[in-house]
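Colleague: Please read through the structure below; I'll follow up with questions.
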Amino acid sequence: LMIRRPPRSTPKPSSAASDVYKRQTGPCGLSFLRSLHQAQSKGENIPEVVAFEKQESWGGLWNYTWRTGSDQYGDPIHNSMYRYLWSNGPKECLEFADYSFDEHFKKPIPSFPPRAVLQDYILGRAENSDVKKYVKFNTTVTSVADNGNGFDITYRNKKDDQTKTESFDKLVVATGHFSVPYIPEYEGMNSFPGRIMHSHDFRDAEEFRDKNVVVLGSSYSAEDVALQCHKYGAKTVTIGYRNNPMGFNWPEGMKEVHYMDKIDGNKAVFKDGTVQEMDALILCTGYLHHFPFLPEDLKLKTHNRLYPPNLYKGVVWQNNQNLFYLGMQDQFHTFNMFDAQAWYVRDIIMDKITLPSADELAKDIDNWVKKEEALEDAYQMIDFQTDYCVDLCSAVDYPKIDFELIRKHFYDWEHHKEENILTYRDKSFSSPVTGTTGPSHHTTWLDAMDDSMATYLDTK
Ligand code: NA7
């Protein structure tokens, strides 16, 4: 989490409440710090900022840890990433407009990198922005109180267990929403003799070699965790969907069936009559938007959707415009959308963008929410979020990036997945920033067992 204090024309006594913002240093938090760096490098007078980060390093979800449950200080583990996780979308679709993959890696690299490569890219830009000085690591924000002019923020230094309260003017919440698992309960769970876990705690598919695995869910985690288990040698993988199947052409050993009714001993019993022996049940049932540090009236309450309500332009809290949220949408677009959001929030905070009247603001939110509710398929969702990114970018000086190309890439990517879910990561896409087309990787995704950055980048 990060907190910032905007500049003042007149010095104020140090005892007075300072202007404030708070955030975390995952991709959204880093986008925000980058936006300030960019304004500063153009000679603008940027606000003071403090970034509160509960982890010991930055990168947010992109850090990998073997840990599950709690960290050494008793805080819940933030990370949901596992070994062998490769990007599930083309890297070209998430490329930063102001820091290309070519610039970072000094050569073209293939389109679907493993986790460590993307992490290196995100952190490369952060290191280049000289923003670490703003971050308080190992620091958890425990509560926020609205003081009428801003916020009183209470935070705990995890290492020395010291708690402090400071006042700030603005607050930016960039804590992510793929971290606190939603864990449903099914009959028979308590007496099931095997392993039950949520995808948040999934770390290594090798654990399920030669096992019968049941995966619940029909979104990105279910798709990828199921494929991981198949790739690393699970005997069978059965996916239980709740509403709609993913419907891919699953390879032998994998199948998709309708909704798990209950567990009977070591068997999963599904609505469509399927009874499947299982050694492990992996709940890929999504995440909660969870902000335990915020008071009720400032908490975003939503399921995972493309346009959560009460957020003007997807980022400004409707009922208190000193509060901002970044990256709280369900996502096709990611890093460059977070940049667009960060630039937009920065410009509101720096008085470069003026917010409209409460009526207009409500109308605008309503308009987007209605549009979202009318969307019928993934292609329309891609269009919707692309239009949202273009809308934000039209208001800020984020460097130009070819969103039409990105929209087309997402369409092609969807088609590739429908053609063959095992090979879509072997395709190449062109960069919306440099025009470079990603070379083919030396090993196809299905055969690439080593996800290290060194092996991945070992190209001629
Ligand atoms: P998502 O995309 O929010 O999806 C959650 C899934 O969980 C969704 O398919 C739900 O089914 C399913 N779900 C929820 N409860 C149940 C129960 N009780 N039984 C079966 N299925 C259930 O979360 P993910 O973790 O997949 O993806 C998160 C991000 O990680 C994603 O954006 C990627 O970028 C990586 P429904 O569709 O509502 O029927």
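Order determines the names: the first chain of the structure tokens is A, the second B, and so forth; residues in each chain are numbered 1 upward, and ligands are numbered 1 upward as they are shown.
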Assign secondary structure with DSSP using the backbone only, and return the residues of region 279-375 of chain A in strand (DSSP E) as a ChimeraX atom specification.
Modeller: /A:280-283,287-288,311-312,316-317,323-325
Colleague: Let's have the selection written as a PDB file, in the first residue's frame, with N, CA, C and O atoms.
Modeller:
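Full text of out12.pdb as output:
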```
ATOM      1  N   ALA A 280      -7.380 -35.348  -5.313  1.00  0.00           N
ATOM      2  CA  ALA A 280      -7.277 -33.938  -4.924  1.00  0.00           C
ATOM      3  C   ALA A 280      -8.377 -33.128  -5.575  1.00  0.00           C
ATOM      4  O   ALA A 280      -8.792 -33.403  -6.704  1.00  0.00           O
ATOM      5  N   LEU A 281      -8.820 -32.123  -4.822  1.00  0.00           N
ATOM      6  CA  LEU A 281      -9.834 -31.187  -5.311  1.00  0.00           C
ATOM      7  C   LEU A 281      -9.229 -29.789  -5.270  1.00  0.00           C
ATOM      8  O   LEU A 281      -8.788 -29.330  -4.204  1.00  0.00           O
ATOM      9  N   ILE A 282      -9.189 -29.137  -6.427  1.00  0.00           N
ATOM     10  CA  ILE A 282      -8.617 -27.786  -6.466  1.00  0.00           C
ATOM     11  C   ILE A 282      -9.724 -26.798  -6.810  1.00  0.00           C
ATOM     12  O   ILE A 282     -10.332 -26.867  -7.879  1.00  0.00           O
ATOM     13  N   LEU A 283      -9.994 -25.902  -5.873  1.00  0.00           N
ATOM     14  CA  LEU A 283     -11.082 -24.930  -6.030  1.00  0.00           C
ATOM     15  C   LEU A 283     -10.557 -23.703  -6.772  1.00  0.00           C
ATOM     16  O   LEU A 283      -9.804 -22.905  -6.196  1.00  0.00           O
ATOM     17  N   TYR A 287     -11.849 -15.020  -6.440  1.00  0.00           N
ATOM     18  CA  TYR A 287     -11.323 -14.219  -5.327  1.00  0.00           C
ATOM     19  C   TYR A 287     -12.344 -13.183  -4.854  1.00  0.00           C
ATOM     20  O   TYR A 287     -13.284 -12.849  -5.564  1.00  0.00           O
ATOM     21  N   LEU A 288     -12.114 -12.693  -3.642  1.00  0.00           N
ATOM     22  CA  LEU A 288     -12.978 -11.655  -3.068  1.00  0.00           C
ATOM     23  C   LEU A 288     -12.300 -10.288  -3.171  1.00  0.00           C
ATOM     24  O   LEU A 288     -11.086 -10.185  -2.977  1.00  0.00           O
ATOM     25  N   LEU A 311     -17.539   3.603  -9.224  1.00  0.00           N
ATOM     26  CA  LEU A 311     -16.205   4.093  -9.580  1.00  0.00           C
ATOM     27  C   LEU A 311     -16.283   4.892 -10.883  1.00  0.00           C
ATOM     28  O   LEU A 311     -16.459   4.322 -11.961  1.00  0.00           O
ATOM     29  N   TYR A 312     -16.142   6.223 -10.768  1.00  0.00           N
ATOM     30  CA  TYR A 312     -16.133   7.049 -11.972  1.00  0.00           C
ATOM     31  C   TYR A 312     -14.864   6.765 -12.766  1.00  0.00           C
ATOM     32  O   TYR A 312     -13.763   6.709 -12.212  1.00  0.00           O
ATOM     33  N   VAL A 316     -12.384   6.468  -9.626  1.00  0.00           N
ATOM     34  CA  VAL A 316     -12.665   7.480  -8.594  1.00  0.00           C
ATOM     35  C   VAL A 316     -13.854   7.028  -7.754  1.00  0.00           C
ATOM     36  O   VAL A 316     -14.930   6.766  -8.294  1.00  0.00           O
ATOM     37  N   TRP A 317     -13.683   6.964  -6.439  1.00  0.00           N
ATOM     38  CA  TRP A 317     -14.783   6.557  -5.554  1.00  0.00           C
ATOM     39  C   TRP A 317     -15.856   7.641  -5.604  1.00  0.00           C
ATOM     40  O   TRP A 317     -15.610   8.791  -5.269  1.00  0.00           O
ATOM     41  N   LEU A 323     -10.611   9.446  -2.697  1.00  0.00           N
ATOM     42  CA  LEU A 323     -10.264   8.019  -2.682  1.00  0.00           C
ATOM     43  C   LEU A 323     -10.281   7.467  -4.102  1.00  0.00           C
ATOM     44  O   LEU A 323     -11.227   7.710  -4.855  1.00  0.00           O
ATOM     45  N   PHE A 324      -9.250   6.705  -4.423  1.00  0.00           N
ATOM     46  CA  PHE A 324      -9.138   6.113  -5.757  1.00  0.00           C
ATOM     47  C   PHE A 324      -8.816   4.629  -5.628  1.00  0.00           C
ATOM     48  O   PHE A 324      -8.128   4.208  -4.694  1.00  0.00           O
ATOM     49  N   TYR A 325      -9.311   3.880  -6.569  1.00  0.00           N
ATOM     50  CA  TYR A 325      -8.974   2.457  -6.668  1.00  0.00           C
ATOM     51  C   TYR A 325      -8.321   2.221  -8.034  1.00  0.00           C
ATOM     52  O   TYR A 325      -8.812   2.739  -9.043  1.00  0.00           O
TER      53      TYR A 325
END
```
Colleague: Taking only residues of region 211-330 of chain A that have an atom at most 9 Å from an atom of region 380-399 of chain A, what is each one's shortest atom pair and its distance in Å to one decimal, using only C-alpha atoms, in chain and number order, as JSON lines?
Modeller:
```
{"residue": "A:Leu306", "atom": "CA", "partner": "A:Gln385", "partner_atom": "CA", "distance": 7.3}
{"residue": "A:Tyr307", "atom": "CA", "partner": "A:Gln385", "partner_atom": "CA", "distance": 8.9}
{"residue": "A:Lys313", "atom": "CA", "partner": "A:Leu392", "partner_atom": "CA", "distance": 7.4}
{"residue": "A:Gly314", "atom": "CA", "partner": "A:Tyr388", "partner_atom": "CA", "distance": 8.7}
```
Colleague: Show me a table, sorted first by chain and then by increasing residue number, of the residues of chain A having an atom at most 10 Å from ligand 1, each with its shortest atom pair and the distance in Å to one decimal, counting only C-alpha atoms and all ligand atoms and written as CSV.
Modeller:
```
residue,atom,partner,partner_atom_place_in_ligand_line,distance
A:Ser80,CA,ligand 1,30 (O),8.5
A:Met81,CA,ligand 1,30 (O),9.1
A:Ser87,CA,ligand 1,34 (O),8.9
A:Asn88,CA,ligand 1,34 (O),7.7
A:Gly89,CA,ligand 1,34 (O),8.6
A:His177,CA,ligand 1,28 (C),8.5
A:Phe178,CA,ligand 1,28 (C),5.9
A:Ser179,CA,ligand 1,28 (C),9.1
A:Pro181,CA,ligand 1,25 (O),8.3
A:Tyr182,CA,ligand 1,15 (N),7.3
A:Ile183,CA,ligand 1,15 (N),7.6
A:Pro184,CA,ligand 1,18 (N),5.2
A:Glu185,CA,ligand 1,18 (N),7.5
A:Tyr186,CA,ligand 1,18 (N),8.1
A:His198,CA,ligand 1,25 (O),9.2
A:Ser199,CA,ligand 1,25 (O),7.0
A:His200,CA,ligand 1,25 (O),7.9
A:Val215,CA,ligand 1,20 (C),8.7
A:Leu216,CA,ligand 1,20 (C),4.9
A:Gly217,CA,ligand 1,21 (N),3.7
A:Ser218,CA,ligand 1,9 (O),3.7
A:Ser219,CA,ligand 1,26 (O),4.0
A:Tyr220,CA,ligand 1,26 (O),4.0
A:Ser221,CA,ligand 1,26 (O),3.7
A:Ala222,CA,ligand 1,26 (O),5.6
A:Glu223,CA,ligand 1,26 (O),7.5
A:Asp224,CA,ligand 1,26 (O),8.6
A:Val225,CA,ligand 1,26 (O),9.3
A:Ile239,CA,ligand 1,20 (C),9.3
A:Gly240,CA,ligand 1,20 (C),6.5
A:Tyr241,CA,ligand 1,20 (C),5.4
A:Arg242,CA,ligand 1,39 (O),4.2
A:Asn243,CA,ligand 1,39 (O),4.0
A:Asn244,CA,ligand 1,39 (O),6.0
A:Pro245,CA,ligand 1,39 (O),8.2
A:Met246,CA,ligand 1,9 (O),8.7
A:His258,CA,ligand 1,20 (C),9.1
A:Tyr259,CA,ligand 1,20 (C),6.4
A:Met260,CA,ligand 1,19 (N),7.1
A:Asp261,CA,ligand 1,19 (N),9.2
A:Leu283,CA,ligand 1,21 (N),7.6
A:Cys284,CA,ligand 1,25 (O),5.6
A:Thr285,CA,ligand 1,7 (O),3.2
A:Gly286,CA,ligand 1,23 (O),3.5
A:Tyr287,CA,ligand 1,3 (O),6.0
A:Leu288,CA,ligand 1,3 (O),8.5
A:His303,CA,ligand 1,3 (O),7.7
A:Asn304,CA,ligand 1,3 (O),5.3
A:Arg305,CA,ligand 1,3 (O),8.0
A:Gln329,CA,ligand 1,32 (O),9.0
A:Asp330,CA,ligand 1,32 (O),5.9
A:Gln331,CA,ligand 1,32 (O),5.5
A:Phe332,CA,ligand 1,32 (O),7.4
A:His333,CA,ligand 1,34 (O),9.3
A:Thr334,CA,ligand 1,34 (O),8.4
```
Colleague: Just checking: using only C-alpha atoms, which residue out of A:Asn322, A:Gln24, A:Thr68, A:Ser35 ends up closest to Tyr344 (chain A)?
Modeller: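 Looking only at the distances to Tyr344 (chain A), the closest residue turns out to be A:Ser35.
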Colleague: Using CA of Thr139 (chain A) and CA of Asn157 (chain A) as the two end points, give the distance in Å to one decimal.
Modeller: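 Distance reported for this atom pair: 4.5 Å.
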Colleague: Write out as a list in words which residues come within 7 Å of Pro439 (chain A) when counting only C-alpha atoms, dropping same-chain ones fewer than 3 positions away.
Modeller: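 Contacts, with the query itself left out: Pro108, Ile109, Pro110 and Ser428 of chain A.
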Colleague: Write out as a VMD selection string the set of residues from region 185-242 of chain A that DSSP, computed on the backbone, places in helix (DSSP H, G or I).
Modeller: chain A and resid 199 to 201 205 to 208 220 to 231
Colleague: Extract, using only C-alpha atoms, all DNA, RNA and protein residues at most 10 Å from Trp250 (chain A), discarding same-chain residues fewer than 6 positions from it, and format them as a PyMOL selection string.
Modeller: chain A and resi 227+237+256+420-422
Colleague: Determine the nearest neighbour of Phe403 (chain A) from the options A:Glu206, A:Glu92, A:Asp169, A:Glu53, counting only C-alpha atoms.
Modeller: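 Residue with the minimum atom-to-atom distance to Phe403 (chain A): A:Glu92.
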Colleague: Which residues are close to Glu277 (chain A), i.e. within 9 Å by only C-alpha atoms, leaving aside same-chain residues fewer than 3 positions away? Reply as a ChimeraX atom specification.
Modeller: /A:212-214,265-269
Colleague: Taking only C-alpha atoms into account, name the residue in A:Val173, A:Ile365, A:Val257, A:Leu294 that is nearest to Pro309 (chain A).
Modeller: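 Closest residue, counting only C-alpha atoms: A:Ile365.
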Colleague: Pick the closest to Pro47 (chain A) from A:Ser440, A:Trp368, A:Met350, A:Lys417: which is it, counting only C-alpha atoms?
Modeller: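 Smallest distance to Pro47 (chain A) is found for A:Met350.
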